[in-house]
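**Student:** Sharing work_32.tsv (TSV, C-alpha atoms) below.
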chain	number	residue	atom	x	y	z
S	42	MET	CA	-35.36	-1.38	81.77
S	43	LYS	CA	-38.37	-3.60	81.07
S	44	GLU	CA	-36.56	-5.15	78.11
S	45	ILE	CA	-33.60	-6.03	80.33
S	46	GLU	CA	-35.91	-7.54	82.96
S	47	MET	CA	-37.71	-9.64	80.35
S	48	LYS	CA	-34.43	-10.96	78.96
S	49	LEU	CA	-33.19	-11.77	82.47
S	50	LEU	CA	-36.44	-13.53	83.34
S	51	LYS	CA	-36.14	-15.73	80.27
S	52	LEU	CA	-32.57	-16.67	81.18
S	53	ILE	CA	-33.55	-17.49	84.76
S	54	ILE	CA	-36.55	-19.56	83.70
S	55	ARG	CA	-34.41	-21.44	81.15
S	56	ASN	CA	-31.87	-22.33	83.86
S	57	SER	CA	-34.47	-23.02	86.56
S	58	LYS	CA	-35.06	-26.57	87.76
S	59	TYR	CA	-38.64	-25.65	88.75
S	60	LEU	CA	-41.56	-24.62	86.58
S	61	VAL	CA	-41.97	-20.92	87.42
S	62	ASP	CA	-44.71	-18.53	86.37
S	63	GLU	CA	-42.85	-15.42	85.21
S	64	ASN	CA	-45.81	-13.25	86.27
S	65	LYS	CA	-45.22	-14.27	89.89
S	66	ILE	CA	-41.48	-13.55	89.99
S	67	HIS	CA	-40.48	-10.79	92.39
S	68	ASP	CA	-37.22	-9.25	93.62
S	69	GLU	CA	-37.03	-11.31	96.82
S	70	MET	CA	-37.16	-14.70	95.08
S	71	GLU	CA	-33.99	-16.71	95.66
S	72	LEU	CA	-32.29	-18.44	92.76
S	73	ILE	CA	-31.48	-21.56	94.76
S	74	GLU	CA	-34.59	-21.87	96.93
S	75	ASP	CA	-37.30	-20.59	94.60
S	76	PHE	CA	-35.89	-21.53	91.21
S	77	GLY	CA	-34.14	-24.75	92.24
S	78	MET	CA	-30.78	-23.74	90.86
S	79	ASP	CA	-27.60	-25.48	91.90
S	80	SER	CA	-23.98	-24.43	91.45
S	81	ILE	CA	-23.88	-25.65	87.85
S	82	SER	CA	-27.06	-23.87	86.82
S	83	CYS	CA	-25.87	-20.67	88.57
S	84	ILE	CA	-22.62	-20.82	86.58
S	85	GLN	CA	-24.56	-21.41	83.36
S	86	LEU	CA	-26.84	-18.48	84.21
S	87	THR	CA	-23.87	-16.14	84.72
S	88	VAL	CA	-22.40	-17.26	81.38
S	89	ASP	CA	-25.75	-16.70	79.67
S	90	ILE	CA	-26.06	-13.25	81.26
S	91	GLU	CA	-22.57	-12.24	80.15
S	92	LYS	CA	-23.36	-13.28	76.58
S	93	GLU	CA	-26.84	-11.77	76.45
S	94	PHE	CA	-25.97	-8.41	78.01
S	95	LYS	CA	-22.35	-8.25	76.84
S	96	ILE	CA	-21.08	-7.65	80.36
S	97	SER	CA	-18.54	-9.36	82.60
S	98	PHE	CA	-19.03	-10.17	86.24
S	99	ASP	CA	-16.28	-8.71	88.39
S	100	ASP	CA	-14.41	-11.46	90.26
S	101	GLN	CA	-15.39	-10.05	93.65
S	102	HIS	CA	-19.07	-10.23	92.63
S	103	LEU	CA	-19.00	-13.88	91.60
S	104	ASN	CA	-20.36	-15.19	94.86
S	105	ILE	CA	-23.66	-16.59	96.00
S	106	GLU	CA	-24.59	-13.44	97.93
S	107	MET	CA	-24.32	-11.35	94.78
S	108	ILE	CA	-26.74	-13.52	92.85
S	109	LYS	CA	-28.81	-14.81	95.76
S	110	THR	CA	-32.05	-13.12	94.72
S	111	TYR	CA	-33.59	-12.08	91.46
S	112	GLY	CA	-33.57	-8.44	92.64
S	113	LYS	CA	-29.87	-8.41	93.52
S	114	LEU	CA	-28.96	-9.97	90.20
S	115	LYS	CA	-31.20	-7.59	88.27
S	116	ASN	CA	-29.75	-4.54	90.03
S	117	TYR	CA	-26.19	-5.74	89.39
S	118	ILE	CA	-26.88	-6.19	85.68
S	119	LEU	CA	-28.51	-2.75	85.48
S	120	SER	CA	-25.51	-1.16	87.21
S	121	LYS	CA	-23.10	-2.86	84.77
S	122	ILE	CA	-25.10	-1.80	81.72
S	123	GLN	CA	-25.46	1.80	82.92
S	124	SER	CA	-21.77	2.24	83.71
Please lay out the structure from this file as structure tokens.
**Tutor:**
Amino acid sequence: MKEIEMKLLKLIIRNSKYLVDENKIHDEMELIEDFGMDSISCIQLTVDIEKEFKISFDDQHLNIEMIKTYGKLKNYILSKIQS
């Protein structure tokens, strides 16, 4: 699980508009508010995640609520990998 989290953190930081200390990232951090992402960077992040983890987002999960926080996104990825 730590390996997955580290890969996800790198993808988020790469797509972030803000300089973020990865040691201070926690589950409640919001992609838009705390990382400065916009719709384009969120789309790029989902594409990067699909490539990196070899998963596909279900259409019903491609909404801002699903990827609103780091924790929600992390848990979704873990559930896709474990299924």
**Student:** Give me, as a PyMOL selection string, all polymer residues having an atom no more than 12 Å from Ser97 of chain S, counting all atoms listed in the file and skipping those fewer than 3 positions away in the same chain.
**Tutor:** chain S and resi 87-94+100-103+117-118+120-122
**Student:** For each of S:Met70, S:Met78, S:Cys83, S:Leu50, take the minimum atom-to-atom distance to Lys113 of chain S, counting all atoms listed in the file, then give the residue where this is smallest.
**Tutor:**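 Answer, going by the shortest atom-to-atom distance: S:Met70.
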**Student:** Between atom CA of Met42 of chain S and atom CA of Leu119 of chain S, what distance in Å does the model show, to one decimal?
**Tutor:** 7.9 Å
**Student:** Determine the nearest neighbour of Thr110 of chain S from the options S:Asp68, S:Phe98, S:Ile54, S:Ser80, counting all atoms listed in the file.
**Tutor:** S:Asp68
**Student:** Looking at only C-alpha atoms, which of S:Glu44, S:Glu71, S:Lys65, S:Leu52 is the one that sits closest to Met107 of chain S?
**Tutor:**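 Among S:Glu44, S:Glu71, S:Lys65, S:Leu52, it is S:Glu71 that comes nearest to Met107 of chain S.
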**Student:** Rounded to one decimal place, report the atom CA of Asn64 of chain S-atom CA of Glu46 of chain S distance in Å.
**Tutor:** 11.9 Å
**Student:** So how many Å separate atom CA of Leu114 of chain S and atom CA of Glu69 of chain S, to one decimal?
**Tutor:**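 Atom-to-atom, atom CA of Leu114 of chain S and atom CA of Glu69 of chain S are spaced 10.5 Å apart.
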**Student:** Using all atoms listed in the file, which residues sit within 10 Å of segment 58-62 of chain S once same-chain residues fewer than 4 positions away are excluded, as a PyMOL selection string?
**Tutor:** chain S and resi 53-54+66+72-79+82
**Student:** Restricting the calculation to all atoms listed in the file: of S:Lys43, S:Lys51, S:His67, S:Lys95, which residue gets closest to Tyr111 of chain S?
**Tutor:** S:His67
**Student:** From the options S:Ile81, S:Asn116, S:Ser124, S:Asp99, which residue's atoms come nearest to Asn56 of chain S, counting all atoms listed in the file?
**Tutor:**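 Nearest to Asn56 of chain S: S:Ile81.
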